[in-house]
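Below: my_file-v2.pdb (PDB, C-alpha atoms)
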```
MODEL        1
ATOM      1  CA  MET A 210       8.938 -21.970  17.260
ATOM      2  CA  ASN A 211       6.794 -20.202  14.733
ATOM      3  CA  LYS A 212       4.738 -17.227  15.732
ATOM      4  CA  ALA A 213       1.187 -16.418  14.719
ATOM      5  CA  ALA A 214      -0.269 -12.944  14.775
ATOM      6  CA  ILE A 215      -3.468 -12.432  16.727
ATOM      7  CA  ASN A 216      -5.683  -9.903  14.946
ATOM      8  CA  ALA A 217      -2.818  -9.171  12.578
ATOM      9  CA  GLY A 218      -2.226  -5.843  10.937
ATOM     10  CA  PRO A 219      -1.684  -5.300   7.209
ATOM     11  CA  GLU A 220       2.082  -5.887   7.321
ATOM     12  CA  ALA A 221       1.811  -9.318   8.960
ATOM     13  CA  LYS A 222      -0.980 -10.265   6.570
ATOM     14  CA  ALA A 223       1.096  -9.228   3.546
ATOM     15  CA  LEU A 224       4.080 -11.275   4.690
ATOM     16  CA  ARG A 225       1.827 -14.204   5.456
ATOM     17  CA  ASN A 226       0.370 -14.059   1.939
ATOM     18  CA  ILE A 227       3.820 -14.573   0.468
ATOM     19  CA  GLY A 228       4.579 -17.520   2.728
ATOM     20  CA  ARG A 229       1.197 -19.130   2.238
ATOM     21  CA  ILE A 230       1.385 -18.754  -1.546
ATOM     22  CA  LYS A 231       4.623 -20.742  -1.437
ATOM     23  CA  THR A 232       3.193 -23.566   0.668
ATOM     24  CA  LEU A 233      -0.022 -23.666  -1.360
ATOM     25  CA  ARG A 234       1.882 -23.981  -4.647
ATOM     26  CA  LEU A 235       4.006 -26.788  -3.231
ATOM     27  CA  ALA A 236       0.940 -28.473  -1.772
ATOM     28  CA  ILE A 237      -0.977 -28.270  -5.050
ATOM     29  CA  ASP A 238       1.895 -29.835  -6.996
ATOM     30  CA  LYS A 239       2.253 -32.564  -4.399
ATOM     31  CA  ARG A 240      -1.466 -33.336  -4.234
ATOM     32  CA  LYS A 241      -1.765 -33.414  -8.023
ATOM     33  CA  GLY A 242       1.045 -35.956  -8.067
ATOM     34  CA  LYS A 243      -0.953 -38.108  -5.660
ATOM     35  CA  GLY A 244      -4.202 -37.667  -7.566
ATOM     36  CA  LEU A 245      -5.811 -35.752  -4.693
ATOM     37  CA  ASP A 246      -8.357 -32.954  -5.081
ATOM     38  CA  VAL A 247      -6.835 -29.484  -5.235
ATOM     39  CA  ALA A 248      -9.884 -27.275  -5.873
ATOM     40  CA  SER A 249     -10.051 -25.651  -2.434
ATOM     41  CA  TYR A 250      -6.270 -25.181  -2.410
ATOM     42  CA  GLN A 251      -6.411 -23.420  -5.773
ATOM     43  CA  GLU A 252      -9.264 -21.202  -4.580
ATOM     44  CA  GLU A 253      -7.207 -20.118  -1.578
ATOM     45  CA  LEU A 254      -4.159 -19.562  -3.777
ATOM     46  CA  SER A 255      -6.173 -17.385  -6.168
ATOM     47  CA  ARG A 256      -7.592 -15.360  -3.287
ATOM     48  CA  ARG A 257      -4.153 -14.659  -1.872
ATOM     49  CA  LEU A 258      -2.634 -13.851  -5.272
ATOM     50  CA  LEU A 259      -5.440 -11.336  -5.782
ATOM     51  CA  GLU A 260      -4.573  -9.683  -2.479
ATOM     52  CA  VAL A 261      -0.922  -9.479  -3.492
ATOM     53  CA  ASP A 262      -1.888  -7.981  -6.875
ATOM     54  CA  LYS A 263      -3.964  -5.328  -5.118
ATOM     55  CA  LEU A 264      -0.990  -4.467  -2.942
ATOM     56  CA  LYS A 265       1.289  -4.277  -5.994
ATOM     57  CA  GLU A 266      -1.168  -1.887  -7.671
ATOM     58  CA  ALA A 267      -1.345   0.241  -4.563
ATOM     59  CA  LEU A 268       2.462   0.381  -4.372
ATOM     60  CA  ALA A 269       2.719   1.261  -8.054
ATOM     61  CA  SER A 270       0.308   4.136  -7.551
ATOM     62  CA  ILE A 271       2.754   5.679  -5.085
ATOM     63  CA  ASP A 272       5.333   5.964  -7.843
ATOM     64  CA  ASP A 273       2.896   7.525 -10.322
TER      65      ASP A 273
ATOM     66  CA  MET B  94       5.541 -17.240  26.292
ATOM     67  CA  ALA B  95       4.411 -14.339  24.270
ATOM     68  CA  ALA B  96       1.293 -13.549  22.312
ATOM     69  CA  GLY B  97       1.215 -15.519  19.104
ATOM     70  CA  ASP B  98       3.710 -18.209  20.071
ATOM     71  CA  VAL B  99       2.748 -21.518  18.482
ATOM     72  CA  VAL B 100       3.973 -24.456  20.550
ATOM     73  CA  PHE B 101       3.671 -28.087  19.545
ATOM     74  CA  PHE B 102       3.307 -30.504  22.437
ATOM     75  CA  ASP B 103       6.086 -32.975  23.236
ATOM     76  CA  GLN B 104       3.422 -35.658  22.945
ATOM     77  CA  TRP B 105       2.967 -34.708  19.289
ATOM     78  CA  LEU B 106       6.527 -35.870  18.594
ATOM     79  CA  VAL B 107       5.486 -39.328  19.740
ATOM     80  CA  ASP B 108       2.044 -39.324  18.170
ATOM     81  CA  VAL B 109       3.252 -38.276  14.737
ATOM     82  CA  GLN B 110       5.822 -41.079  14.710
ATOM     83  CA  GLU B 111       3.210 -43.590  15.800
ATOM     84  CA  GLY B 112       1.011 -42.626  12.878
ATOM     85  CA  VAL B 113      -1.682 -40.910  14.939
ATOM     86  CA  HIS B 114      -1.555 -37.870  12.684
ATOM     87  CA  ASN B 115      -1.509 -37.457   8.958
ATOM     88  CA  MET B 116      -0.839 -33.737   8.935
ATOM     89  CA  GLU B 117      -1.933 -33.457   5.319
ATOM     90  CA  THR B 118      -5.082 -35.500   5.037
ATOM     91  CA  ASP B 119      -6.550 -35.336   8.545
ATOM     92  CA  SER B 120      -8.850 -32.504   9.655
ATOM     93  CA  PHE B 121      -7.453 -30.075  12.192
ATOM     94  CA  LYS B 122      -9.282 -27.514  14.271
ATOM     95  CA  LEU B 123      -8.427 -24.602  16.518
ATOM     96  CA  GLY B 124     -10.510 -24.842  19.674
ATOM     97  CA  LEU B 125     -10.538 -21.897  22.060
ATOM     98  CA  THR B 126     -10.146 -22.328  25.794
ATOM     99  CA  ASP B 127     -10.341 -19.988  28.759
ATOM    100  CA  SER B 128      -7.577 -19.329  31.292
ATOM    101  CA  THR B 129      -8.450 -22.219  33.611
ATOM    102  CA  THR B 130      -5.640 -24.431  32.340
ATOM    103  CA  THR B 131      -2.343 -23.168  30.983
ATOM    104  CA  PRO B 132      -1.119 -25.550  28.296
ATOM    105  CA  ALA B 133       2.602 -26.253  28.155
ATOM    106  CA  LEU B 134       5.097 -28.031  25.951
ATOM    107  CA  THR B 135       5.086 -30.868  28.460
ATOM    108  CA  THR B 136       1.332 -31.194  28.987
ATOM    109  CA  THR B 137       0.733 -34.912  29.361
ATOM    110  CA  ASP B 138      -1.118 -36.677  26.537
ATOM    111  CA  PRO B 139      -3.278 -33.667  25.641
ATOM    112  CA  ARG B 140      -6.580 -34.338  23.907
ATOM    113  CA  TRP B 141      -9.681 -32.484  22.854
ATOM    114  CA  GLY B 142     -11.897 -34.907  24.719
ATOM    115  CA  ALA B 143     -11.537 -37.930  26.931
ATOM    116  CA  GLY B 144      -9.109 -40.776  26.358
ATOM    117  CA  GLY B 145      -5.836 -39.118  27.254
ATOM    118  CA  THR B 146      -4.447 -37.614  30.401
ATOM    119  CA  THR B 147      -5.360 -33.980  29.824
ATOM    120  CA  ASN B 148      -8.750 -33.116  28.343
ATOM    121  CA  LEU B 149      -8.339 -29.549  27.172
ATOM    122  CA  SER B 150     -11.898 -29.340  25.874
ATOM    123  CA  THR B 151     -13.213 -29.115  29.435
ATOM    124  CA  ASP B 152     -11.998 -25.506  29.430
ATOM    125  CA  GLU B 153     -13.520 -24.615  26.072
ATOM    126  CA  VAL B 154     -15.127 -21.206  25.898
ATOM    127  CA  THR B 155     -18.910 -21.105  25.633
ATOM    128  CA  ALA B 156     -19.976 -21.585  22.044
ATOM    129  CA  GLY B 157     -22.173 -18.911  20.540
ATOM    130  CA  GLY B 158     -22.399 -16.402  17.748
ATOM    131  CA  ASN B 159     -19.825 -17.273  15.128
ATOM    132  CA  TYR B 160     -17.921 -19.689  17.338
ATOM    133  CA  SER B 161     -19.156 -23.269  17.155
ATOM    134  CA  ALA B 162     -18.418 -25.903  19.773
ATOM    135  CA  GLY B 163     -15.142 -27.600  18.908
ATOM    136  CA  GLY B 164     -13.685 -24.558  17.238
ATOM    137  CA  ALA B 165     -12.815 -23.433  13.738
ATOM    138  CA  SER B 166     -11.376 -25.692  11.050
ATOM    139  CA  ILE B 167      -7.867 -25.151   9.744
ATOM    140  CA  LEU B 168      -8.669 -25.615   6.084
ATOM    141  CA  ASN B 169      -6.374 -26.849   3.338
ATOM    142  CA  PRO B 170      -3.710 -28.433   5.559
ATOM    143  CA  ALA B 171      -0.491 -29.356   3.833
ATOM    144  CA  VAL B 172       2.971 -30.658   4.596
ATOM    145  CA  THR B 173       5.703 -29.540   2.248
ATOM    146  CA  LEU B 174       9.480 -29.748   2.159
ATOM    147  CA  SER B 175      11.147 -26.357   2.086
ATOM    148  CA  ALA B 176      14.860 -25.723   2.567
ATOM    149  CA  GLY B 177      15.333 -28.926   4.484
ATOM    150  CA  ALA B 178      12.354 -28.443   6.751
ATOM    151  CA  GLY B 179       9.040 -30.257   6.762
ATOM    152  CA  VAL B 180       6.510 -27.434   6.973
ATOM    153  CA  PHE B 181       2.960 -27.900   8.227
ATOM    154  CA  ASP B 182       0.678 -25.140   7.054
ATOM    155  CA  GLY B 183      -3.004 -24.393   6.642
ATOM    156  CA  ASP B 184      -5.402 -21.523   6.147
ATOM    157  CA  ASP B 185      -5.621 -18.756   8.693
ATOM    158  CA  ILE B 186      -8.465 -18.556  11.191
ATOM    159  CA  SER B 187     -10.999 -15.763  11.073
ATOM    160  CA  ILE B 188     -14.098 -15.379  13.250
ATOM    161  CA  ALA B 189     -16.404 -12.466  12.544
ATOM    162  CA  GLN B 190     -17.579 -10.265  15.396
ATOM    163  CA  HIS B 191     -20.895 -11.245  16.965
ATOM    164  CA  ALA B 192     -22.521 -10.137  20.181
ATOM    165  CA  SER B 193     -22.903 -13.776  21.253
ATOM    166  CA  ASN B 194     -19.297 -14.765  20.572
ATOM    167  CA  PRO B 195     -17.243 -15.998  23.537
ATOM    168  CA  THR B 196     -15.744 -13.261  25.661
ATOM    169  CA  ASN B 197     -12.868 -15.004  27.425
ATOM    170  CA  ALA B 198     -10.690 -16.893  24.942
ATOM    171  CA  ARG B 199      -7.139 -17.236  26.263
ATOM    172  CA  TRP B 200      -5.619 -20.148  24.342
ATOM    173  CA  GLY B 201      -6.083 -21.707  20.943
ATOM    174  CA  ILE B 202      -5.670 -25.477  20.897
ATOM    175  CA  VAL B 203      -4.762 -27.140  17.602
ATOM    176  CA  TYR B 204      -6.090 -30.672  17.569
ATOM    177  CA  ASN B 205      -6.715 -33.519  15.179
ATOM    178  CA  ASP B 206     -10.448 -33.815  14.621
ATOM    179  CA  THR B 207     -10.004 -36.934  12.513
ATOM    180  CA  ALA B 208      -8.048 -38.937  15.076
ATOM    181  CA  VAL B 209     -10.297 -41.128  17.212
ATOM    182  CA  GLY B 210      -8.632 -39.780  20.348
ATOM    183  CA  LYS B 211      -8.846 -36.122  19.173
ATOM    184  CA  ASN B 212      -5.154 -35.826  19.978
ATOM    185  CA  ALA B 213      -3.988 -32.262  20.488
ATOM    186  CA  VAL B 214      -1.105 -31.074  18.368
ATOM    187  CA  GLY B 215      -0.163 -27.750  19.882
ATOM    188  CA  TYR B 216      -1.403 -24.449  21.137
ATOM    189  CA  VAL B 217      -1.389 -20.743  20.365
ATOM    190  CA  ASP B 218      -0.911 -18.122  23.063
ATOM    191  CA  LEU B 219      -3.525 -15.418  22.521
ATOM    192  CA  GLY B 220      -1.631 -13.152  24.917
ATOM    193  CA  ALA B 221      -4.594 -12.297  27.138
ATOM    194  CA  ALA B 222      -8.242 -13.129  27.632
ATOM    195  CA  THR B 223      -9.798 -12.057  24.371
ATOM    196  CA  ASP B 224     -13.358 -10.856  23.873
ATOM    197  CA  LEU B 225     -14.613 -12.014  20.480
ATOM    198  CA  SER B 226     -17.891 -10.178  20.989
ATOM    199  CA  ALA B 227     -16.098  -6.846  20.852
ATOM    200  CA  GLY B 228     -14.512  -7.240  17.447
ATOM    201  CA  ALA B 229     -13.404  -9.616  14.730
ATOM    202  CA  PHE B 230     -10.868 -12.238  15.742
ATOM    203  CA  SER B 231      -8.164 -13.735  13.586
ATOM    204  CA  VAL B 232      -5.129 -15.954  13.859
ATOM    205  CA  THR B 233      -2.674 -15.321  11.043
ATOM    206  CA  TRP B 234      -0.091 -18.062  11.002
ATOM    207  CA  SER B 235       3.587 -17.310  10.453
ATOM    208  CA  ALA B 236       4.808 -16.670   6.911
ATOM    209  CA  SER B 237       6.953 -19.759   7.591
ATOM    210  CA  GLY B 238       3.886 -21.900   8.237
ATOM    211  CA  ILE B 239       2.124 -23.150  11.339
ATOM    212  CA  SER B 240       5.143 -25.242  12.320
ATOM    213  CA  SER B 241       8.180 -26.895  10.859
ATOM    214  CA  MET B 242      10.427 -29.861  11.637
ATOM    215  CA  ASN B 243      14.066 -30.042  10.702
ATOM    216  CA  GLN B 244      17.204 -31.995  11.472
ATOM    217  CA  ALA B 245      18.588 -30.323  14.569
TER     218      ALA B 245
ENDMDL
END
```
Translate this file's structure into structure tokens.
Amino acid sequence: MNKAAINAGPEAKALRNIGRIKTLRLAIDKRKGKGLDVASYQEELSRRLLEVDKLKEALASIDD
Amino acid sequence: MAAGDVVFFDQWLVDVQEGVHNMETDSFKLGLTDSTTTPALTTTDPRWGAGGTTNLSTDEVTAGGNYSAGGASILNPAVTLSAGAGVFDGDDISIAQHASNPTNARWGIVYNDTAVGKNAVGYVDLGAATDLSAGAFSVTWSASGISSMNQA
């Protein structure tokens, strides 16, 4: 049984971003192979990658 | 049951093998219900509407504000194979705070909005009656996806 987070905090959202990026990448490859539209999937992937990049920058600033 | 548990109905195991659901190309929604009916793994032929044995939509919270009747769409659904498991995943759900939002959401019902019979897939335990008028509401699915199937 998987578990969702209701009104998740930052930690759950960060972990979810990683998992969702994986499934989105797999889904995009699969859909492309079937000739299906991937625009909305790519938009969501870009949005989540941006969030991860922001977190990486924030983490890097700790080490500065 | 604990807050956040995502349970897929036993009936889903039958429906998916009978071709009722295409978990990748069909449209799925998360409808919110009050505490009148407690969904369970064994709920008989659950639907979001008539046609089955259990019509979960009869307990839907009152639509208003940023919650529309029928619930929020789970966008970009996908089924992928990962480490031997078939993973069903989709975008998270987010409903912005609004004074007219429902005030008594207890369960989230995942159902197939494409299927003629609006067959329900599973449910999410919100943990307690939740007032969406008091603050933003979100369901963040597991990092492992909404659900997965593997060879047990």
Proximity check chain A to chain B, 8 Å, nearest pairs one decimal Å, all atoms listed in the file, as a tab-separated table:
```
residue	atom	partner	partner_atom	distance
A:Met210	CA	B:Val99	CA	6.3
A:Asn211	CA	B:Val99	CA	5.7
A:Lys212	CA	B:Asp98	CA	4.6
A:Ala213	CA	B:Trp234	CA	4.3
A:Ala214	CA	B:Thr233	CA	5.0
A:Ile215	CA	B:Val232	CA	4.8
A:Asn216	CA	B:Ser231	CA	4.8
A:Ala217	CA	B:Thr233	CA	6.3
A:Ala221	CA	B:Thr233	CA	7.8
A:Lys222	CA	B:Thr233	CA	7.0
A:Leu224	CA	B:Ala236	CA	5.9
A:Arg225	CA	B:Ala236	CA	4.1
A:Asn226	CA	B:Ala236	CA	7.2
A:Ile227	CA	B:Ala236	CA	6.8
A:Gly228	CA	B:Ala236	CA	4.3
A:Arg229	CA	B:Ala236	CA	6.4
A:Thr232	CA	B:Thr173	CA	6.7
A:Leu233	CA	B:Ala171	CA	7.7
A:Leu235	CA	B:Thr173	CA	6.4
A:Ala236	CA	B:Ala171	CA	5.9
A:Ser249	CA	B:Asn169	CA	6.9
A:Tyr250	CA	B:Asn169	CA	6.0
```
**Request:** Report as a VMD selection string the full result of the PyMOL selection byres ((chain B and resi 127) around 9) when it is applied to this structure.
**Result:** chain B and resid 125 to 126 128 to 131 152 to 154 197 to 200 222
**Message:** Within 8 Å of (-9.8, -30.4, 27.4) (file coordinates; only C-alpha atoms), which protein or nucleic acid residues are there? I'd like them as a ChimeraX atom specification.
**Reply:** /B:139-143,147-153
**Asked** When you draw a straight line from atom CA of Gln104 of chain B to atom CA of Asp119 of chain B, how long is it in Å?
**Response** 17.5 Å
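Interatomic distance, atom CA of Ser120 of chain B against atom CA of Asp206 of chain B: 5.4 Å.
Atom to atom, atom CA of Asp246 of chain A and atom CA of Leu258 of chain A stand 19.9 Å apart.
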Padding 8 Å on each side, edges along x, y and z: where is the centre of the box around the listed atoms of segment 214-220 of chain A, and how long are its edges in Å to one decimal? Output it as JSON.
```
{"center_x": -1.8, "center_y": -9.1, "center_z": 12.0, "size_x": 23.8, "size_y": 23.6, "size_z": 25.5}
```
Filtering to C-alpha atoms, could chain A of the supplied structure be written out as an mmCIF file, in the first residue's frame?
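Listing of out-v4.cif after writing:
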```cif
data_model
loop_
_atom_site.group_PDB
_atom_site.id
_atom_site.type_symbol
_atom_site.label_atom_id
_atom_site.label_comp_id
_atom_site.auth_asym_id
_atom_site.auth_seq_id
_atom_site.Cartn_x
_atom_site.Cartn_y
_atom_site.Cartn_z
ATOM 1 C CA MET A 210 0.000 0.000 0.000
ATOM 2 C CA ASN A 211 1.364 3.358 -0.986
ATOM 3 C CA LYS A 212 0.850 6.344 1.228
ATOM 4 C CA ALA A 213 -0.058 9.865 0.196
ATOM 5 C CA ALA A 214 0.646 12.912 2.296
ATOM 6 C CA ILE A 215 -2.273 15.178 3.104
ATOM 7 C CA ASN A 216 -1.130 18.806 3.127
ATOM 8 C CA ALA A 217 2.450 17.604 2.833
ATOM 9 C CA GLY A 218 5.417 19.424 4.249
ATOM 10 C CA PRO A 219 8.570 20.321 2.314
ATOM 11 C CA GLU A 220 10.328 17.000 2.965
ATOM 12 C CA ALA A 221 7.495 14.871 1.558
ATOM 13 C CA LYS A 222 7.187 17.204 -1.418
ATOM 14 C CA ALA A 223 10.923 16.972 -2.137
ATOM 15 C CA LEU A 224 10.870 13.178 -2.040
ATOM 16 C CA ARG A 225 7.768 13.127 -4.188
ATOM 17 C CA ASN A 226 9.481 15.321 -6.789
ATOM 18 C CA ILE A 227 12.202 12.725 -7.216
ATOM 19 C CA GLY A 228 9.726 9.881 -7.600
ATOM 20 C CA ARG A 229 7.463 11.792 -9.945
ATOM 21 C CA ILE A 230 10.383 12.891 -12.128
ATOM 22 C CA LYS A 231 11.222 9.214 -12.605
ATOM 23 C CA THR A 232 7.689 8.205 -13.580
ATOM 24 C CA LEU A 233 7.271 11.239 -15.833
ATOM 25 C CA ARG A 234 10.490 10.468 -17.723
ATOM 26 C CA LEU A 235 9.427 6.859 -18.207
ATOM 27 C CA ALA A 236 5.944 7.943 -19.237
ATOM 28 C CA ILE A 237 7.259 10.466 -21.760
ATOM 29 C CA ASP A 238 9.521 7.876 -23.391
ATOM 30 C CA LYS A 239 6.682 5.375 -23.505
ATOM 31 C CA ARG A 240 4.149 7.834 -24.916
ATOM 32 C CA LYS A 241 6.597 9.067 -27.550
ATOM 33 C CA GLY A 242 7.057 5.465 -28.630
ATOM 34 C CA LYS A 243 3.297 5.191 -29.083
ATOM 35 C CA GLY A 244 3.017 8.516 -30.884
ATOM 36 C CA LEU A 245 0.968 10.050 -28.062
ATOM 37 C CA ASP A 246 1.072 13.705 -27.018
ATOM 38 C CA VAL A 247 3.580 14.462 -24.275
ATOM 39 C CA ALA A 248 3.316 18.256 -23.942
ATOM 40 C CA SER A 249 1.545 18.339 -20.574
ATOM 41 C CA TYR A 250 3.845 15.613 -19.234
ATOM 42 C CA GLN A 251 6.907 17.619 -20.250
ATOM 43 C CA GLU A 252 5.475 20.762 -18.651
ATOM 44 C CA GLU A 253 5.006 18.914 -15.367
ATOM 45 C CA LEU A 254 8.492 17.425 -15.625
ATOM 46 C CA SER A 255 10.016 20.869 -16.199
ATOM 47 C CA ARG A 256 8.117 22.312 -13.245
ATOM 48 C CA ARG A 257 9.357 19.600 -10.914
ATOM 49 C CA LEU A 258 12.943 19.784 -12.190
ATOM 50 C CA LEU A 259 12.862 23.521 -11.493
ATOM 51 C CA GLU A 260 11.775 22.842 -7.923
ATOM 52 C CA VAL A 261 14.609 20.357 -7.488
ATOM 53 C CA ASP A 262 17.107 22.873 -8.919
ATOM 54 C CA LYS A 263 15.908 25.489 -6.437
ATOM 55 C CA LEU A 264 16.429 23.023 -3.614
ATOM 56 C CA LYS A 265 19.919 22.171 -4.895
ATOM 57 C CA GLU A 266 20.792 25.885 -4.965
ATOM 58 C CA ALA A 267 19.472 26.344 -1.462
ATOM 59 C CA LEU A 268 21.522 23.371 -0.238
ATOM 60 C CA ALA A 269 24.634 24.665 -1.980
ATOM 61 C CA SER A 270 24.225 28.012 -0.258
ATOM 62 C CA ILE A 271 24.555 26.258 3.099
ATOM 63 C CA ASP A 272 28.048 25.142 2.157
ATOM 64 C CA ASP A 273 29.122 28.604 0.980
#
```
